[in-house]
Amino acid sequence: MNGVMRAATAVILVLVMAAAGVHGAQPQPPQEEFVPIDELPPGDQMPAAPLLIAAYAIVWAVVFGYLWSIWRRLSTVEREMQELARRADAGEQDS
Amino acid sequence: MICMMQSQRMFAALSVAGLVMFAAAPLLIAQAPYESTMGLIQKIFYFHVPGWIVMFLAVFIAGIASAIHLFRNRPAADRLALAAAELAVVFGLIGLVTGPLWAIKAWGVWWQWEPRLTMSLILELTMCAYLLLRRYGGPGSDKLAAGVAIFAMANVPFVYLSVNIWRTIHPATSVVPQLAGSAPGMFGPFVWCAVAFLVLFTAMMAARTRLEAQRAHVERLHLALEER
């Protein structure tokens with residue numbers, strides 16, 4: 001839970017900081033005439049493949065990261081349960 | 001013990017099925033036809049839309065379970081709501097990250113403060129608020145958080161319909177329902193990805209709910225030991 005909370009807090013902070021930057025970058029001069037894509041400045045000719053790969057990689061990372069987080073937390077709780085059961089057994093034997 | 005082993009097997013089977021479907025998805029997506037105006041970047045849609053479908057489903061589960069906990073005082077419903085809220089944040093994050101990666105190519109900007117995007121961000125932040133309340137709210141925070149989850153659930157129809165109600169640059173809700181007729185080659189991979197996300201979501205929900213049930217059991221064991 002702690003890890004997820006830290007991640008959620010980090011997400012909020014990043015979103016807040018990104019919002020400020022994005023807000024500043026919003027107004028753009030309108031394009032007044034048709035410009036063929038191969039005549040655009042190099043900065044505007046963004047290739048799609050790296051963005052697509054980044055999107056899929058992030059989805060995979062989030063899914064596996066979350067599955068690992070659940071598995072780790074379940075292991076911790078199960079260890080605690082075993083420890084408590086052992087203490088309960090030891091208490092019964094003493095009494 | 002037998003019940004625990006059965007649930008562990010179910011979690012393992014669902015996880016494996018979901019991950020296999022997830023691993024096979026790029027092969028199907030690669031064979032899907034290109035959208036005529038957006039080209040390659042449109043293929044983000046196969047993970048982006050199912051991510052939001054699952055997020056909305058998780059928010060609905062969290063909202064309904066929270067209402068049951070609030071009005072009927074059922075701890076099991078509260079555990080279900082907490083599990084669903086956490087998953088809503090996870091899948092909402094997937095939607096919020098993949099969307100701008102598509103938008104920078106399709107729209108030329110990472111983000112636009114238009115109704116669909118803004119309301120989606122508010123929904124994600126509301127679910128983050130739910131988790132923060134549960135973690136740091138102290139005694140009684142479960143009831144307070146339940147109210148937040150109900151408001152988040154009420155927000156979902158507005159997020160979904162925002163593209164039809166307000167003027168927006170985001171694609172309309174008619175794209176997916178018409179996909180089977182307008183682009184059958186895209187419909188198959190889309191359904192595959194949606195089912196993969198739903199199977200993974202079910203596995204994660206089962207495991208996350210079980211984690212909360214075990215935490216409640218540990219608390220009871222602690223109390224029983226202290227009373228001796």
# chains A, B, ... in the order shown; residues from 1 in each chain; ligands from 1
>>> closest_atom_pairs(of="chain A", to="chain B", cutoff="7 Å", atoms="only C-alpha atoms", output="JSON lines")
{"residue": "A:Met5", "atom": "CA", "partner": "B:Leu132", "partner_atom": "CA", "distance": 6.9}
{"residue": "A:Ala8", "atom": "CA", "partner": "B:Cys128", "partner_atom": "CA", "distance": 6.3}
{"residue": "A:Val22", "atom": "CA", "partner": "B:Trp111", "partner_atom": "CA", "distance": 6.8}
{"residue": "A:Met46", "atom": "CA", "partner": "B:Lys105", "partner_atom": "CA", "distance": 6.7}
{"residue": "A:Ala48", "atom": "CA", "partner": "B:Ile41", "partner_atom": "CA", "distance": 5.3}
{"residue": "A:Leu51", "atom": "CA", "partner": "B:Leu101", "partner_atom": "CA", "distance": 5.8}
{"residue": "A:Leu52", "atom": "CA", "partner": "B:Ile44", "partner_atom": "CA", "distance": 6.1}
{"residue": "A:Ala55", "atom": "CA", "partner": "B:Thr98", "partner_atom": "CA", "distance": 5.3}
{"residue": "A:Val59", "atom": "CA", "partner": "B:Ile94", "partner_atom": "CA", "distance": 6.0}
{"residue": "A:Ile70", "atom": "CA", "partner": "B:Arg208", "partner_atom": "CA", "distance": 6.6}
{"residue": "A:Leu74", "atom": "CA", "partner": "B:Leu211", "partner_atom": "CA", "distance": 5.7}
{"residue": "A:Val77", "atom": "CA", "partner": "B:Arg215", "partner_atom": "CA", "distance": 6.5}
{"residue": "A:Met81", "atom": "CA", "partner": "B:Val218", "partner_atom": "CA", "distance": 5.9}
{"residue": "A:Leu84", "atom": "CA", "partner": "B:Leu221", "partner_atom": "CA", "distance": 6.8}
{"residue": "A:Ala88", "atom": "CA", "partner": "B:Leu225", "partner_atom": "CA", "distance": 6.8}
>>> write_last_selection(atoms="C-alpha atoms", output="mmCIF file, in the first residue's frame")
data_model
loop_
_atom_site.group_PDB
_atom_site.id
_atom_site.type_symbol
_atom_site.label_atom_id
_atom_site.label_comp_id
_atom_site.auth_asym_id
_atom_site.auth_seq_id
_atom_site.Cartn_x
_atom_site.Cartn_y
_atom_site.Cartn_z
ATOM 1 C CA MET A 5 0.593 5.601 -2.211
ATOM 2 C CA ALA A 8 0.036 7.967 -6.537
ATOM 3 C CA VAL A 22 1.444 22.619 -20.639
ATOM 4 C CA MET A 46 7.791 13.468 -35.507
ATOM 5 C CA ALA A 48 5.238 7.648 -34.832
ATOM 6 C CA LEU A 51 5.829 7.033 -29.496
ATOM 7 C CA LEU A 52 3.962 3.775 -30.154
ATOM 8 C CA ALA A 55 3.199 3.684 -25.110
ATOM 9 C CA VAL A 59 1.605 -0.177 -20.378
ATOM 10 C CA ILE A 70 0.477 -7.242 -5.275
ATOM 11 C CA LEU A 74 0.613 -10.746 -0.372
ATOM 12 C CA VAL A 77 0.926 -10.486 4.848
ATOM 13 C CA MET A 81 -0.018 -14.552 9.372
ATOM 14 C CA LEU A 84 1.069 -14.803 14.374
ATOM 15 C CA ALA A 88 -0.586 -18.271 19.091
#
>>> select_by_dssp(residues="chain B", states="helix (DSSP H, G or I)", output="PyMOL selection string")
chain B and resi 2-31+40-72+75-106+115-136+141-165+179-182+184-227
>>> atom_distance(atom1="atom CA of Met119 of chain B", atom2="atom CA of Ile165 of chain B")
12.8 Å
>>> atom_distance(atom1="atom CA of Arg72 of chain A", atom2="atom CA of Ala13 of chain B")
18.3 Å
>>> atom_distance(atom1="atom CA of Trp107 of chain B", atom2="atom CA of Ile169 of chain B")
8.6 Å
>>> residues_around(residues="segment 61-78 of chain B", least_positions_apart="3", cutoff="8 Å", atoms="only C-alpha atoms", output="mmCIF file with N, CA and C atoms, in the first residue's frame")
data_model
loop_
_atom_site.group_PDB
_atom_site.id
_atom_site.type_symbol
_atom_site.label_atom_id
_atom_site.label_comp_id
_atom_site.auth_asym_id
_atom_site.auth_seq_id
_atom_site.Cartn_x
_atom_site.Cartn_y
_atom_site.Cartn_z
ATOM 1 N N LEU B 57 -14.908 0.745 -15.385
ATOM 2 C CA LEU B 57 -15.490 -0.414 -14.684
ATOM 3 C C LEU B 57 -15.035 -0.435 -13.221
ATOM 4 N N ALA B 58 -13.741 -0.173 -13.011
ATOM 5 C CA ALA B 58 -13.196 -0.170 -11.641
ATOM 6 C C ALA B 58 -13.839 0.927 -10.796
ATOM 7 N N ALA B 81 -14.159 -2.172 -2.546
ATOM 8 C CA ALA B 81 -14.060 -0.782 -3.023
ATOM 9 C C ALA B 81 -12.612 -0.315 -3.039
ATOM 10 N N LEU B 82 -11.865 -0.647 -1.982
ATOM 11 C CA LEU B 82 -10.460 -0.234 -1.899
ATOM 12 C C LEU B 82 -9.644 -0.869 -3.025
ATOM 13 N N ALA B 83 -9.888 -2.179 -3.259
ATOM 14 C CA ALA B 83 -9.169 -2.878 -4.335
ATOM 15 C C ALA B 83 -9.497 -2.244 -5.687
ATOM 16 N N ALA B 84 -10.772 -1.984 -5.927
ATOM 17 C CA ALA B 84 -11.193 -1.414 -7.215
ATOM 18 C C ALA B 84 -10.644 0.005 -7.393
ATOM 19 N N ALA B 85 -10.599 0.776 -6.301
ATOM 20 C CA ALA B 85 -10.095 2.156 -6.386
ATOM 21 C C ALA B 85 -8.619 2.158 -6.787
ATOM 22 N N ASP B 142 -12.765 5.442 6.114
ATOM 23 C CA ASP B 142 -13.409 4.524 5.158
ATOM 24 C C ASP B 142 -14.761 5.077 4.698
ATOM 25 N N LYS B 143 -15.509 5.689 5.633
ATOM 26 C CA LYS B 143 -16.826 6.253 5.290
ATOM 27 C C LYS B 143 -16.678 7.515 4.431
ATOM 28 N N ALA B 146 -15.657 6.514 1.040
ATOM 29 C CA ALA B 146 -16.791 5.907 0.326
ATOM 30 C C ALA B 146 -17.610 6.994 -0.381
ATOM 31 N N GLY B 147 -17.781 8.125 0.287
ATOM 32 C CA GLY B 147 -18.495 9.251 -0.333
ATOM 33 C C GLY B 147 -17.758 9.754 -1.567
ATOM 34 N N ALA B 149 -15.792 8.005 -3.500
ATOM 35 C CA ALA B 149 -15.928 6.998 -4.572
ATOM 36 C C ALA B 149 -17.285 7.117 -5.258
ATOM 37 N N ILE B 150 -18.328 7.431 -4.489
ATOM 38 C CA ILE B 150 -19.664 7.584 -5.090
ATOM 39 C C ILE B 150 -19.682 8.794 -6.034
ATOM 40 N N PHE B 151 -19.029 9.888 -5.625
ATOM 41 C CA PHE B 151 -18.956 11.062 -6.499
ATOM 42 C C PHE B 151 -18.118 10.760 -7.754
ATOM 43 N N ALA B 152 -17.061 9.967 -7.595
ATOM 44 C CA ALA B 152 -16.242 9.584 -8.756
ATOM 45 C C ALA B 152 -17.091 8.775 -9.731
ATOM 46 N N MET B 153 -17.914 7.865 -9.193
ATOM 47 C CA MET B 153 -18.783 7.037 -10.051
ATOM 48 C C MET B 153 -19.774 7.937 -10.812
ATOM 49 N N ALA B 213 -8.523 -8.935 2.532
ATOM 50 C CA ALA B 213 -9.149 -9.911 3.439
ATOM 51 C C ALA B 213 -8.104 -10.469 4.406
#
>>> closest_residue(among="B:Val148, B:Val163, B:Leu223, B:Leu133", to="Leu117 of chain B", atoms="only C-alpha atoms")
B:Val163
